[in-house]
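Undergrad: Sharing a structure with you now.
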Amino acid sequence: MSNATAKSLQESLKLKLDYDQLTNCMRCGFCLPACPTFKETGVEAESPRGRISLMKAAVDGIMEPNVRFEEQMGHCLGCRACEPACPADVKYGQLIEQARDAIEDHTTQHRTWVKGVRKIVFGQLFPHQNRMKLLGKGLRFYQKSGAQTLARKTGVVGLFSKQMSAMERILPEAAGKGVVDQLGTRVPAIGEKVGTVGMFRGCLMDVLFTETNRKTVQLLAKAGFDVVIPEAQNCCGALHAHSGEMDQAKQLARHNIRAFQEAGVDYIVSNAGGCGAILVEYDHLLHDDAQWQEQAKWFASRVKDISTILLEKGRPLPFTEGPGVRITYQDSCHLRNVMKAGESPRKLLKQMPGATFVEMKDAGSCCGSAGIYNLTQPDMANTILDHKMDHAKATEAHYIVTSNPGCLLQMKLGIDKHAPGSPMQAVHIVDFLYERV
Ligand code: SF4
Ligand code: SF4
C-alpha cells in the first residue's frame, strides 16, 4: 500500500469510525473467549479487542493502516459473538462495518476483476429481484439440462477454487418460480385471524430455498396470520453492509421500508437470521438520515424471526408425532447475537413430539459460513467448520436444524466432508416444523 493510499485510508477511518465506541472499549478482554478467530489462532490481533485497538491506533495516528490492517479487518466473521460478552456494550458490529466501509473505498487488495465482479453482484444483481430470478432460472437450467453432470465429470467445476467446487456440490435445486409466483402476494389466515404479517422473502433465499419460503407462509397462515408478501421488496442489504458497501445497503433499506409500510402489516417476518439482523437494525443503518429515521424505527420495531412470532404471537401449531429422531440445533450467529432470539427455535424444537433435542457443544459459536466468508477466507472457514463438525457428530443427531440459509449450506458442506453416507441431514427449521404439522 502506497503512503498516499495509507494516508487517505487513515483520513477515511477518522471520518467513518465512531470514536466514542472505540474509547468505550476498556480492554478487559471478556470478549476474547467468545471470538472464533481468536479461539482458532490465539492471536490478539485476531480478536475483537485487538481489532478495536488497531482501529483506534490508526485513527489516533499511532500507526498507518497497511495491508495487514486490512487483512485483520477482513478475517473477522462479523458473527458478533463478542457483543453479548462485552460488559461495556461496545457496538463492535458497527465498528467493523465502518472500518470495512473505509477500506472498501481505498483498498488496493482487490484485483480489477474482483472489483468488477463485486460491482456487478452488489450493484446490478442482488438489488433486482427479477435479475435474481433469472439467475435462479439459469442455475436450474445448469442443474437440470445435464450441464452440471458434464461439468462435474470433466472436472471443469474444479478449475475454479476448491471451495467453490465444494459449494457447488451441495447447492440445492434452484427454483424457477419465487414464492409470489407460487402463492400470490396475499395468503389468508386459516381459521381465526390473529394479525397481519409481511413476509420478508430474501433474495437468494427466494431463489435457492423457495420451498422454505412457501412453507414459512403456510406455517404463518396456520398460526392465524394473514400473510402479505410485498412484491416491491428487495434484498435486505446485509451482504452490502458487511462488505463495506454502505450507500447501497441504505438504498435497499429505504426501498424495503416503503414496501412494507404500504402493505399495512403488524409485523415483518424473516426466516433467515442474516437478513433479520440487518432488518432489525435499519434504524441504526439510517440513523444519520433525518428524513427516514421515523420510518426506519417503525420498520425495525416490527421485525420478528419466524420462530419468535410462531411462539409468541400466533395460535399454537398442532404438531403431530413424527418418527423418533434425535435433533440438534446450530445457532445462526445473527439470530442469536443481534436479534437475541436464540431461545425461540430451541423452545419450538423441544415441543416436537417424538423428537429428542440434544444440545451441541459450542452451538452458539459461528459455523464459518458468515455471508461470503467461506468463499473469501476459505482456510479459516474450513478450520472452524472442522471443529463444528466434531461437536455435531458427537450429538449423534439425525438432523442439524438451522435458521439461516448460509448456515444450512455450511452444515451440508460439513456433512458432505465429515460424515458422508451417514444418516445425518441439515435442515432449515421451517422445513422441519412443516413436516410435523
Ligand atoms: S464479530 Fe465474531 S469474529 Fe469478529 S471479532 Fe467479534 S466474535 Fe470475533
Ligand atoms: S469485552 Fe468489550 S470492553 Fe472488553 S475488550 Fe472486548 S470489546 Fe473491549
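Letters A, B, ... mark the chains of the C-alpha cells in the order given; residue numbers begin at 1 per chain; ligand numbers begin at 1, in order shown.
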How would you write, as a VMD selection string, the set of residues no farther than 7 Å from ligand 1 when counting only C-alpha atoms and all ligand atoms?

TA: chain A and resid 34 to 38 47 to 48 76 to 83 92 to 93

Undergrad: What are the closest atom pairs, with distances in Å to one decimal, for all residues of chain A lying within 9 Å of ligand 2? Consider only C-alpha atoms and all ligand atoms, order rows by chain and residue number, and present the result as JSON lines.

TA:
{"residue": "A:Leu22", "atom": "CA", "partner": "ligand 2", "partner_atom_place_in_ligand_line": "8 (Fe)", "distance": 8.5}
{"residue": "A:Thr23", "atom": "CA", "partner": "ligand 2", "partner_atom_place_in_ligand_line": "8 (Fe)", "distance": 8.8}
{"residue": "A:Asn24", "atom": "CA", "partner": "ligand 2", "partner_atom_place_in_ligand_line": "3 (S)", "distance": 6.6}
{"residue": "A:Cys25", "atom": "CA", "partner": "ligand 2", "partner_atom_place_in_ligand_line": "8 (Fe)", "distance": 3.7}
{"residue": "A:Met26", "atom": "CA", "partner": "ligand 2", "partner_atom_place_in_ligand_line": "3 (S)", "distance": 4.4}
{"residue": "A:Arg27", "atom": "CA", "partner": "ligand 2", "partner_atom_place_in_ligand_line": "5 (S)", "distance": 3.8}
{"residue": "A:Cys28", "atom": "CA", "partner": "ligand 2", "partner_atom_place_in_ligand_line": "4 (Fe)", "distance": 3.9}
{"residue": "A:Gly29", "atom": "CA", "partner": "ligand 2", "partner_atom_place_in_ligand_line": "5 (S)", "distance": 3.9}
{"residue": "A:Phe30", "atom": "CA", "partner": "ligand 2", "partner_atom_place_in_ligand_line": "1 (S)", "distance": 4.2}
{"residue": "A:Cys31", "atom": "CA", "partner": "ligand 2", "partner_atom_place_in_ligand_line": "1 (S)", "distance": 4.1}
{"residue": "A:Leu32", "atom": "CA", "partner": "ligand 2", "partner_atom_place_in_ligand_line": "6 (Fe)", "distance": 6.6}
{"residue": "A:Ser47", "atom": "CA", "partner": "ligand 2", "partner_atom_place_in_ligand_line": "6 (Fe)", "distance": 8.4}
{"residue": "A:Pro48", "atom": "CA", "partner": "ligand 2", "partner_atom_place_in_ligand_line": "7 (S)", "distance": 5.9}
{"residue": "A:Arg49", "atom": "CA", "partner": "ligand 2", "partner_atom_place_in_ligand_line": "5 (S)", "distance": 4.5}
{"residue": "A:Gly50", "atom": "CA", "partner": "ligand 2", "partner_atom_place_in_ligand_line": "5 (S)", "distance": 8.1}
{"residue": "A:Ile52", "atom": "CA", "partner": "ligand 2", "partner_atom_place_in_ligand_line": "7 (S)", "distance": 7.3}
{"residue": "A:Ser53", "atom": "CA", "partner": "ligand 2", "partner_atom_place_in_ligand_line": "8 (Fe)", "distance": 8.9}
{"residue": "A:Cys82", "atom": "CA", "partner": "ligand 2", "partner_atom_place_in_ligand_line": "6 (Fe)", "distance": 6.7}
{"residue": "A:Glu83", "atom": "CA", "partner": "ligand 2", "partner_atom_place_in_ligand_line": "2 (Fe)", "distance": 7.1}
{"residue": "A:Pro84", "atom": "CA", "partner": "ligand 2", "partner_atom_place_in_ligand_line": "1 (S)", "distance": 8.6}
{"residue": "A:Ala85", "atom": "CA", "partner": "ligand 2", "partner_atom_place_in_ligand_line": "1 (S)", "distance": 5.9}
{"residue": "A:Cys86", "atom": "CA", "partner": "ligand 2", "partner_atom_place_in_ligand_line": "1 (S)", "distance": 3.6}
{"residue": "A:Pro87", "atom": "CA", "partner": "ligand 2", "partner_atom_place_in_ligand_line": "2 (Fe)", "distance": 5.9}
{"residue": "A:Ala88", "atom": "CA", "partner": "ligand 2", "partner_atom_place_in_ligand_line": "3 (S)", "distance": 5.0}
{"residue": "A:Asp89", "atom": "CA", "partner": "ligand 2", "partner_atom_place_in_ligand_line": "2 (Fe)", "distance": 6.3}
{"residue": "A:Val90", "atom": "CA", "partner": "ligand 2", "partner_atom_place_in_ligand_line": "2 (Fe)", "distance": 5.4}
{"residue": "A:Lys91", "atom": "CA", "partner": "ligand 2", "partner_atom_place_in_ligand_line": "7 (S)", "distance": 8.0}
{"residue": "A:Tyr92", "atom": "CA", "partner": "ligand 2", "partner_atom_place_in_ligand_line": "7 (S)", "distance": 6.8}

Undergrad: For Thr212 (chain A), which of A:Ala381, A:Leu413, A:Leu408, A:Leu95 is the closest residue, counting only C-alpha atoms?

TA: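 With only C-alpha atoms as the atom set, the closest residue is A:Leu408.
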
Undergrad: Have a look at CA of Gln261 (chain A) and CA of Glu294 (chain A) and let me know their distance in Å, one decimal.

TA: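 The value is 11.7 Å.
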
Undergrad: Can you work out which one of A:Arg336, A:His387, A:Arg152, A:His128 has the shortest atom-to-atom distance to Glu40 (chain A), counting only C-alpha atoms?

TA: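 Looking at the shortest contact to Glu40 (chain A), the residue is A:His387.
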
Undergrad: Pick out the residues sitting within 8 Å of Gly176 (chain A), and hand them over as a count of residues only; count only C-alpha atoms, and ignore anything fewer than 5 positions along from it in its own chain.

TA: 5

Undergrad: Looking only at helix (DSSP H, G or I) from DSSP on the backbone, list the matching residues of region 239-282 of chain A as a PyMOL selection string.

TA: chain A and resi 239-242+246-263+273-279+282

Undergrad: Dump N, CA, C and O atoms for the selected residues as a compact mmCIF listing (two decimals), in the first residue's frame?

TA:
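Output contents, as saved in again_22.txt:
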# COMPACT_ATOMS: atom_id res chain seq x y z
N LEU A 239 -25.37 -8.27 2.97
CA LEU A 239 -24.06 -8.53 2.35
C LEU A 239 -23.37 -7.22 2.00
O LEU A 239 -22.16 -7.09 2.13
N HIS A 240 -24.15 -6.24 1.55
CA HIS A 240 -23.57 -4.94 1.19
C HIS A 240 -22.97 -4.28 2.43
O HIS A 240 -21.84 -3.82 2.41
N ALA A 241 -23.75 -4.25 3.52
CA ALA A 241 -23.29 -3.57 4.73
C ALA A 241 -22.05 -4.26 5.30
O ALA A 241 -21.10 -3.59 5.72
N HIS A 242 -22.04 -5.59 5.29
CA HIS A 242 -20.90 -6.30 5.88
C HIS A 242 -19.66 -6.22 5.02
O HIS A 242 -18.57 -6.49 5.47
N MET A 246 -21.90 0.61 2.09
CA MET A 246 -22.94 1.17 2.95
C MET A 246 -24.01 1.96 2.19
O MET A 246 -25.17 1.91 2.53
N ASP A 247 -23.59 2.70 1.17
CA ASP A 247 -24.59 3.51 0.46
C ASP A 247 -25.65 2.62 -0.18
O ASP A 247 -26.85 2.92 -0.12
N GLN A 248 -25.19 1.52 -0.76
CA GLN A 248 -26.15 0.60 -1.38
C GLN A 248 -27.04 -0.05 -0.33
O GLN A 248 -28.25 -0.22 -0.55
N ALA A 249 -26.45 -0.40 0.82
CA ALA A 249 -27.25 -1.01 1.89
C ALA A 249 -28.36 -0.04 2.32
O ALA A 249 -29.51 -0.44 2.53
N LYS A 250 -28.03 1.24 2.41
CA LYS A 250 -29.05 2.23 2.83
C LYS A 250 -30.16 2.38 1.78
O LYS A 250 -31.33 2.49 2.13
N GLN A 251 -29.77 2.36 0.52
CA GLN A 251 -30.77 2.46 -0.55
C GLN A 251 -31.75 1.29 -0.46
O GLN A 251 -32.96 1.46 -0.57
N LEU A 252 -31.20 0.09 -0.26
CA LEU A 252 -32.05 -1.10 -0.19
C LEU A 252 -32.98 -1.01 1.01
O LEU A 252 -34.16 -1.37 0.94
N ALA A 253 -32.46 -0.49 2.13
CA ALA A 253 -33.28 -0.37 3.34
C ALA A 253 -34.46 0.57 3.09
O ALA A 253 -35.61 0.25 3.43
N ARG A 254 -34.20 1.71 2.48
CA ARG A 254 -35.29 2.67 2.22
C ARG A 254 -36.38 2.01 1.36
O ARG A 254 -37.57 2.17 1.60
N HIS A 255 -35.94 1.28 0.36
CA HIS A 255 -36.87 0.64 -0.55
C HIS A 255 -37.76 -0.37 0.20
O HIS A 255 -38.97 -0.41 0.01
N ASN A 256 -37.14 -1.17 1.06
CA ASN A 256 -37.90 -2.18 1.82
C ASN A 256 -38.87 -1.53 2.80
O ASN A 256 -39.99 -2.00 2.97
N ILE A 257 -38.41 -0.48 3.46
CA ILE A 257 -39.29 0.19 4.43
C ILE A 257 -40.56 0.67 3.73
O ILE A 257 -41.68 0.44 4.20
N ARG A 258 -40.36 1.30 2.57
CA ARG A 258 -41.53 1.81 1.83
C ARG A 258 -42.47 0.65 1.46
O ARG A 258 -43.68 0.73 1.66
N ALA A 259 -41.89 -0.44 0.97
CA ALA A 259 -42.72 -1.58 0.51
C ALA A 259 -43.58 -2.13 1.65
O ALA A 259 -44.76 -2.42 1.46
N PHE A 260 -42.99 -2.27 2.85
CA PHE A 260 -43.75 -2.87 3.96
C PHE A 260 -44.70 -1.87 4.61
O PHE A 260 -45.75 -2.27 5.13
N GLN A 261 -44.35 -0.59 4.58
CA GLN A 261 -45.30 0.40 5.12
C GLN A 261 -46.56 0.43 4.26
O GLN A 261 -47.67 0.47 4.78
N GLU A 262 -46.36 0.38 2.96
CA GLU A 262 -47.51 0.41 2.05
C GLU A 262 -48.38 -0.84 2.23
O GLU A 262 -49.57 -0.82 1.97
N ALA A 263 -47.76 -1.94 2.69
CA ALA A 263 -48.52 -3.20 2.85
C ALA A 263 -49.39 -3.20 4.11
O ALA A 263 -50.24 -4.07 4.25
N GLY A 273 -31.68 -15.67 9.64
CA GLY A 273 -31.06 -14.86 10.68
C GLY A 273 -30.22 -13.72 10.13
O GLY A 273 -30.23 -12.61 10.66
N GLY A 274 -29.50 -13.99 9.04
CA GLY A 274 -28.62 -12.96 8.47
C GLY A 274 -29.40 -11.77 7.95
O GLY A 274 -28.98 -10.62 8.12
N CYS A 275 -30.56 -12.03 7.33
CA CYS A 275 -31.40 -10.92 6.83
C CYS A 275 -32.07 -10.22 8.02
O CYS A 275 -32.05 -9.00 8.12
N GLY A 276 -32.64 -11.03 8.93
CA GLY A 276 -33.38 -10.46 10.06
C GLY A 276 -32.53 -9.49 10.86
O GLY A 276 -33.01 -8.46 11.33
N ALA A 277 -31.23 -9.81 11.00
CA ALA A 277 -30.37 -8.99 11.84
C ALA A 277 -30.16 -7.60 11.26
O ALA A 277 -30.08 -6.62 12.01
N ILE A 278 -30.10 -7.49 9.95
CA ILE A 278 -29.95 -6.12 9.42
C ILE A 278 -31.31 -5.42 9.39
O ILE A 278 -31.41 -4.23 9.65
N LEU A 279 -32.38 -6.18 9.15
CA LEU A 279 -33.72 -5.57 9.14
C LEU A 279 -34.01 -4.94 10.50
O LEU A 279 -34.54 -3.83 10.59
N TYR A 282 -32.31 -1.50 10.85
CA TYR A 282 -32.48 -0.45 9.84
C TYR A 282 -32.47 0.93 10.50
O TYR A 282 -32.06 1.91 9.90

Undergrad: As a ChimeraX atom specification, please: the residues near Cys407 (chain A) (cut-off 12 Å, only C-alpha atoms, same-chain neighbours under 4 positions excluded).

TA: /A:79,272-274,329-335,363-374,381,385,388,400-403,411-414,426-429

Undergrad: List as a Markdown table every residue of region 255-330 of chain A that is in contact with region 350-358 of chain A, defined as an atom at most 8 Å from one of its atoms (using only C-alpha atoms), together with the nearest atom pair and the distance in Å rounded to one decimal, sorted by chain and then rising number.

TA:
| residue | atom | partner | partner_atom | distance |
| --- | --- | --- | --- | --- |
| A:Phe319 | CA | A:Met352 | CA | 6.7 |
| A:Thr320 | CA | A:Pro353 | CA | 6.6 |
| A:Glu321 | CA | A:Pro353 | CA | 4.7 |
| A:Gly322 | CA | A:Gly354 | CA | 5.6 |
| A:Pro323 | CA | A:Gly354 | CA | 6.1 |
| A:Gly324 | CA | A:Gly354 | CA | 4.7 |
| A:Val325 | CA | A:Ala355 | CA | 4.9 |
| A:Arg326 | CA | A:Thr356 | CA | 4.7 |
| A:Ile327 | CA | A:Phe357 | CA | 5.0 |
| A:Thr328 | CA | A:Val358 | CA | 5.1 |
| A:Tyr329 | CA | A:Val358 | CA | 7.9 |
